[in-house]
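Data from work-v1.txt: compact mmCIF, C-alpha atoms
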```txt
# COMPACT_ATOMS: atom_id res chain seq x y z
CA MET A 291 -147.82 -124.16 -201.39
CA ASP A 292 -151.02 -125.23 -203.17
CA THR A 293 -153.01 -122.53 -201.39
CA LEU A 294 -150.46 -119.92 -202.43
CA LEU A 295 -150.65 -121.06 -206.06
CA GLY A 296 -154.43 -121.09 -205.89
CA THR A 297 -154.45 -117.56 -204.48
CA LEU A 298 -152.05 -116.38 -207.19
CA ARG A 299 -154.19 -117.95 -209.93
CA GLN A 300 -157.30 -116.37 -208.48
CA THR A 301 -155.60 -112.96 -208.34
CA ARG A 302 -154.32 -113.38 -211.90
CA ASP A 303 -157.78 -114.34 -213.14
CA GLY A 304 -159.28 -111.35 -211.36
CA PHE A 305 -156.78 -109.00 -212.99
CA ALA A 306 -157.35 -110.58 -216.38
CA ALA A 307 -161.13 -110.22 -216.03
CA ARG A 308 -160.81 -106.58 -214.95
CA GLY A 309 -158.36 -105.90 -217.80
CA ALA A 310 -160.70 -107.43 -220.37
CA LYS A 311 -163.63 -105.46 -218.97
CA LEU A 312 -161.59 -102.25 -219.02
CA ALA A 313 -160.43 -102.88 -222.61
CA GLY A 314 -164.02 -103.43 -223.73
CA ALA A 315 -165.26 -100.32 -221.95
CA THR A 316 -162.42 -98.24 -223.41
CA ARG A 317 -163.14 -99.48 -226.92
CA ASP A 318 -166.84 -98.74 -226.49
CA ARG A 319 -166.11 -95.21 -225.25
CA GLY A 320 -163.77 -94.67 -228.16
CA LEU A 321 -166.40 -95.83 -230.63
CA ARG A 322 -169.01 -93.53 -229.07
CA ALA A 323 -166.61 -90.58 -229.26
CA LEU A 324 -165.73 -91.36 -232.89
CA LYS A 325 -169.45 -91.57 -233.77
CA LYS A 326 -169.98 -88.10 -232.28
CA VAL A 327 -166.97 -86.72 -234.16
CA ARG A 328 -168.15 -88.25 -237.41
CA GLY A 329 -171.68 -86.92 -236.81
CA GLY A 330 -170.21 -83.44 -236.29
CA ALA A 331 -168.22 -83.70 -239.51
CA LEU A 332 -171.33 -84.75 -241.42
CA ASP A 333 -173.28 -81.83 -239.90
CA TRP A 334 -170.56 -79.45 -241.07
CA ARG A 335 -170.71 -80.93 -244.55
CA ARG A 336 -174.50 -80.41 -244.65
CA THR A 337 -174.00 -76.79 -243.53
CA LEU A 338 -171.40 -76.26 -246.25
CA LYS A 339 -173.72 -77.77 -248.85
CA THR A 340 -176.50 -75.40 -247.79
CA ARG A 341 -174.15 -72.40 -247.99
CA ARG A 342 -172.94 -73.53 -251.41
CA THR A 343 -176.54 -73.71 -252.61
CA GLU A 344 -177.17 -70.19 -251.28
CA LEU A 345 -174.17 -68.84 -253.19
CA GLY A 346 -175.19 -70.50 -256.46
CA ASP A 347 -172.48 -70.57 -259.12
CA GLY A 348 -170.66 -67.49 -257.71
CA THR A 349 -170.89 -65.45 -260.89
CA HIS A 350 -173.43 -62.83 -259.81
CA GLY A 351 -171.90 -59.37 -259.62
CA PHE A 352 -173.39 -58.02 -256.41
CA PHE A 353 -171.12 -60.14 -254.25
CA ALA A 354 -167.54 -60.07 -255.47
CA PHE A 355 -166.20 -62.76 -253.14
CA ALA A 356 -168.79 -65.46 -253.88
CA GLY A 357 -166.34 -67.35 -256.12
CA LEU A 358 -163.68 -67.26 -253.41
CA GLN A 359 -166.18 -68.51 -250.85
CA LEU A 360 -167.12 -71.37 -253.13
CA ARG A 361 -163.50 -72.43 -253.49
CA VAL A 362 -163.01 -72.30 -249.72
CA ILE A 363 -166.22 -74.26 -249.16
CA ASP A 364 -165.12 -76.90 -251.69
CA GLY A 365 -161.71 -77.23 -250.01
CA VAL A 366 -163.18 -77.55 -246.54
CA ASP A 367 -165.75 -80.03 -247.84
CA ARG A 368 -163.00 -82.23 -249.34
CA ALA A 369 -161.04 -82.08 -246.08
CA LEU A 370 -164.12 -83.03 -244.05
CA ALA A 371 -164.90 -85.90 -246.43
CA GLY A 372 -161.38 -87.26 -245.98
CA PHE A 373 -161.60 -86.82 -242.23
CA SER A 374 -164.96 -88.58 -242.15
CA ASP A 375 -163.52 -91.48 -244.15
CA ARG A 376 -160.58 -91.82 -241.74
CA VAL A 377 -162.92 -91.78 -238.74
CA ARG A 378 -165.10 -94.44 -240.38
CA ALA A 379 -162.04 -96.60 -241.05
CA GLU A 380 -160.87 -96.22 -237.44
CA MET A 381 -164.35 -97.15 -236.21
CA LYS A 382 -164.25 -100.28 -238.38
CA ARG A 383 -160.79 -101.15 -237.06
CA LEU A 384 -161.93 -100.73 -233.44
CA THR A 385 -165.06 -102.77 -234.06
CA HIS A 386 -163.03 -105.67 -235.45
CA LEU A 387 -160.22 -105.40 -232.89
CA GLU A 388 -159.99 -108.57 -230.86
CA LEU A 389 -160.02 -107.83 -227.15
CA PRO A 390 -158.20 -109.95 -224.58
CA ARG A 391 -160.30 -112.59 -222.87
CA PRO A 392 -160.21 -113.29 -219.18
CA SER A 393 -158.05 -116.34 -218.52
CA SER A 394 -161.06 -118.20 -217.12
CA GLU A 395 -162.82 -117.93 -220.51
CA PRO A 396 -161.34 -120.37 -223.06
CA PRO A 397 -160.63 -119.07 -226.56
CA PRO A 398 -163.03 -120.19 -229.31
CA ALA A 399 -160.41 -122.53 -230.81
CA VAL A 400 -160.25 -124.50 -227.55
CA VAL A 401 -164.04 -124.71 -227.23
CA SER A 402 -164.49 -125.99 -230.79
CA ALA A 403 -161.59 -128.45 -230.35
CA LYS A 404 -163.23 -129.87 -227.22
CA ARG A 405 -166.55 -130.27 -229.02
CA SER A 406 -165.06 -131.98 -232.07
CA ALA A 407 -162.83 -134.33 -230.08
CA SER A 408 -165.55 -136.31 -228.39
CA LYS A 409 -163.97 -139.69 -229.24
CA LYS A 410 -160.34 -138.74 -229.75
CA LYS A 411 -158.02 -137.00 -227.36
CA ALA A 412 -158.02 -133.23 -227.80
CA LYS A 413 -154.71 -131.58 -228.63
CA PRO A 414 -153.81 -128.41 -226.77
CA ALA A 415 -154.80 -125.34 -228.78
CA SER A 416 -151.92 -123.35 -230.18
CA LYS A 417 -151.69 -119.67 -229.44
CA ARG A 418 -153.62 -117.75 -232.03
CA LEU A 419 -151.91 -114.74 -233.55
CA VAL A 420 -153.90 -111.58 -232.85
CA LEU A 421 -153.11 -108.94 -235.45
CA PRO A 422 -153.30 -105.23 -234.64
CA ILE A 423 -154.58 -104.44 -238.16
CA ALA A 424 -158.21 -105.39 -238.77
CA ASP A 425 -158.94 -107.43 -241.91
CA TYR A 426 -155.22 -107.77 -242.62
CA ASP A 427 -155.65 -110.57 -245.16
CA THR A 428 -158.02 -108.50 -247.30
CA LEU A 429 -156.02 -105.24 -247.28
CA SER A 430 -153.75 -104.09 -250.06
CA ALA A 431 -150.07 -103.47 -249.44
CA LYS A 432 -150.69 -99.71 -249.64
CA ALA A 433 -153.38 -99.87 -246.94
CA ILE A 434 -151.12 -101.95 -244.68
CA LEU A 435 -148.22 -99.53 -245.18
CA ALA A 436 -150.50 -96.70 -244.05
CA GLU A 437 -151.21 -98.57 -240.78
CA ILE A 438 -147.58 -99.38 -239.89
CA PRO A 439 -146.65 -96.00 -238.31
CA ARG A 440 -149.24 -96.42 -235.54
CA LEU A 441 -147.98 -99.86 -234.50
CA THR A 442 -145.69 -100.58 -231.58
CA GLU A 443 -142.49 -102.53 -232.14
CA ALA A 444 -144.05 -105.72 -230.75
CA GLN A 445 -147.04 -105.33 -233.07
CA CYS A 446 -144.68 -104.74 -236.01
CA LYS A 447 -142.89 -107.98 -235.16
CA ALA A 448 -146.19 -109.90 -235.12
CA VAL A 449 -147.21 -108.49 -238.50
CA HIS A 450 -143.70 -109.14 -239.85
CA ALA A 451 -143.87 -112.80 -238.79
CA LEU A 452 -147.22 -113.26 -240.51
CA GLU A 453 -146.18 -111.44 -243.68
CA ARG A 454 -142.95 -113.40 -243.88
CA ALA A 455 -144.79 -116.70 -243.41
CA HIS A 456 -147.48 -115.97 -246.01
CA LYS A 457 -147.43 -113.34 -248.74
CA GLN A 458 -143.82 -112.10 -248.33
CA ARG A 459 -144.47 -108.65 -249.85
CA LYS A 460 -141.12 -106.88 -249.96
CA THR A 461 -142.48 -103.36 -249.42
CA ILE A 462 -144.28 -104.36 -246.24
CA LEU A 463 -141.36 -106.40 -244.91
CA ALA A 464 -138.96 -103.51 -245.57
CA ALA A 465 -141.24 -100.98 -243.84
CA LEU A 466 -141.62 -103.25 -240.82
CA GLU A 467 -137.89 -103.92 -240.61
CA ALA A 468 -137.24 -100.18 -240.75
CA ARG A 469 -139.45 -99.81 -237.66
CA PHE A 470 -137.28 -102.32 -235.76
CA THR A 471 -134.19 -100.15 -236.10
CA ASP A 472 -135.92 -96.87 -235.16
```

Written as structure tokens, that's how I'd like the structure from this file.
Amino acid sequence: MDTLLGTLRQTRDGFAARGAKLAGATRDRGLRALKKVRGGALDWRRTLKTRRTELGDGTHGFFAFAGLQLRVIDGVDRALAGFSDRVRAEMKRLTHLELPRPSSEPPPAVVSAKRSASKKKAKPASKRLVLPIADYDTLSAKAILAEIPRLTEAQCKAVHALERAHKQRKTILAALEARFTD
């Protein structure tokens, strides 16, 4: 029986290690792809700026559609700026996203508890709540509400538990509860 349990633990640890490695590799690939996308958006913005400079103020008479081109360029530039900001925010979220650890690697709370409890008996570390929204404590209610649609139901429940235990903002709690019934 002990050998079976040992084999199961070893298999579990192997899967956990592979899962953590895969999650890290996926996040890194996603960040690289987002950097390329953001670089492309910035290149387009530079191209638009150059074209805008070429057109001047759009009032010269030899090209009747210069004013229209300027308006289109301004609209596309605003859209690209917004897109670039969203990509930057997603990159920040991915960078701060806490990845799962292999079960053989203790969480930082356990390591620090073991170090500080040299003379007294260490208490078992409680499970730490991992939030799917980076920098949750520093975000405004509006920013959190914008993140809620991308969350799964389980993630919504985790955020709901934290919000209910701490700040208890009614708009956020209502939005999360609405996701439970969907």

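Relative to CA of Leu384 in chain A, CA of Leu338 in chain A is found at 29.2 Å.
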
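Take the candidates A:Ala369, A:Ala436, A:Ala307, A:Ala313 and check each one against Arg335 in chain A using all atoms listed in the file; the shortest distance goes to A:Ala369.
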
Need the shell around Leu387 in chain A: protein/DNA/RNA residues with any atom at most 9 Å away, counting all atoms listed in the file. Skip same-chain ones fewer than 3 positions apart. Format as an MDAnalysis selection string?
chainID A and resid 317 382:384 420:424

For Gln458 in chain A, which residue among A:Leu298, A:Leu441, A:Ala431, A:Leu312 is the nearest when counting only C-alpha atoms?
A:Ala431

Mind listing as an MDAnalysis selection string all residues within 12 Å of (-147.6, -105.5, -234.4), counting all atoms listed in the file?
chainID A and resid 419:424 426 434 437:453 466:467 469:470

Taking C-alpha atoms for each residue, export the selection above as a PDB file, in the coordinates of the input.
```
ATOM      1  CA  LEU A 419    -151.910-114.740-233.550  1.00  0.00           C
ATOM      2  CA  VAL A 420    -153.900-111.580-232.850  1.00  0.00           C
ATOM      3  CA  LEU A 421    -153.110-108.940-235.450  1.00  0.00           C
ATOM      4  CA  PRO A 422    -153.300-105.230-234.640  1.00  0.00           C
ATOM      5  CA  ILE A 423    -154.580-104.440-238.160  1.00  0.00           C
ATOM      6  CA  ALA A 424    -158.210-105.390-238.770  1.00  0.00           C
ATOM      7  CA  TYR A 426    -155.220-107.770-242.620  1.00  0.00           C
ATOM      8  CA  ILE A 434    -151.120-101.950-244.680  1.00  0.00           C
ATOM      9  CA  GLU A 437    -151.210 -98.570-240.780  1.00  0.00           C
ATOM     10  CA  ILE A 438    -147.580 -99.380-239.890  1.00  0.00           C
ATOM     11  CA  PRO A 439    -146.650 -96.000-238.310  1.00  0.00           C
ATOM     12  CA  ARG A 440    -149.240 -96.420-235.540  1.00  0.00           C
ATOM     13  CA  LEU A 441    -147.980 -99.860-234.500  1.00  0.00           C
ATOM     14  CA  THR A 442    -145.690-100.580-231.580  1.00  0.00           C
ATOM     15  CA  GLU A 443    -142.490-102.530-232.140  1.00  0.00           C
ATOM     16  CA  ALA A 444    -144.050-105.720-230.750  1.00  0.00           C
ATOM     17  CA  GLN A 445    -147.040-105.330-233.070  1.00  0.00           C
ATOM     18  CA  CYS A 446    -144.680-104.740-236.010  1.00  0.00           C
ATOM     19  CA  LYS A 447    -142.890-107.980-235.160  1.00  0.00           C
ATOM     20  CA  ALA A 448    -146.190-109.900-235.120  1.00  0.00           C
ATOM     21  CA  VAL A 449    -147.210-108.490-238.500  1.00  0.00           C
ATOM     22  CA  HIS A 450    -143.700-109.140-239.850  1.00  0.00           C
ATOM     23  CA  ALA A 451    -143.870-112.800-238.790  1.00  0.00           C
ATOM     24  CA  LEU A 452    -147.220-113.260-240.510  1.00  0.00           C
ATOM     25  CA  GLU A 453    -146.180-111.440-243.680  1.00  0.00           C
ATOM     26  CA  LEU A 466    -141.620-103.250-240.820  1.00  0.00           C
ATOM     27  CA  GLU A 467    -137.890-103.920-240.610  1.00  0.00           C
ATOM     28  CA  ARG A 469    -139.450 -99.810-237.660  1.00  0.00           C
ATOM     29  CA  PHE A 470    -137.280-102.320-235.760  1.00  0.00           C
TER      30      PHE A 470
END
```

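When CA of Lys432 in chain A is paired with CA of Leu370 in chain A, their separation reads 22.1 Å.
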
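Interatomic distance, CA of Arg308 in chain A against CA of Gly296 in chain A: 18.3 Å.
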
Around all listed atoms of range 445-462 of chain A, padded 5 Å per side, what centre and edge lengths does the axis-aligned box have in Å to one decimal, as JSON?
```
{"center_x": -144.3, "center_y": -110.0, "center_z": -241.5, "size_x": 16.4, "size_y": 23.3, "size_z": 26.9}
```
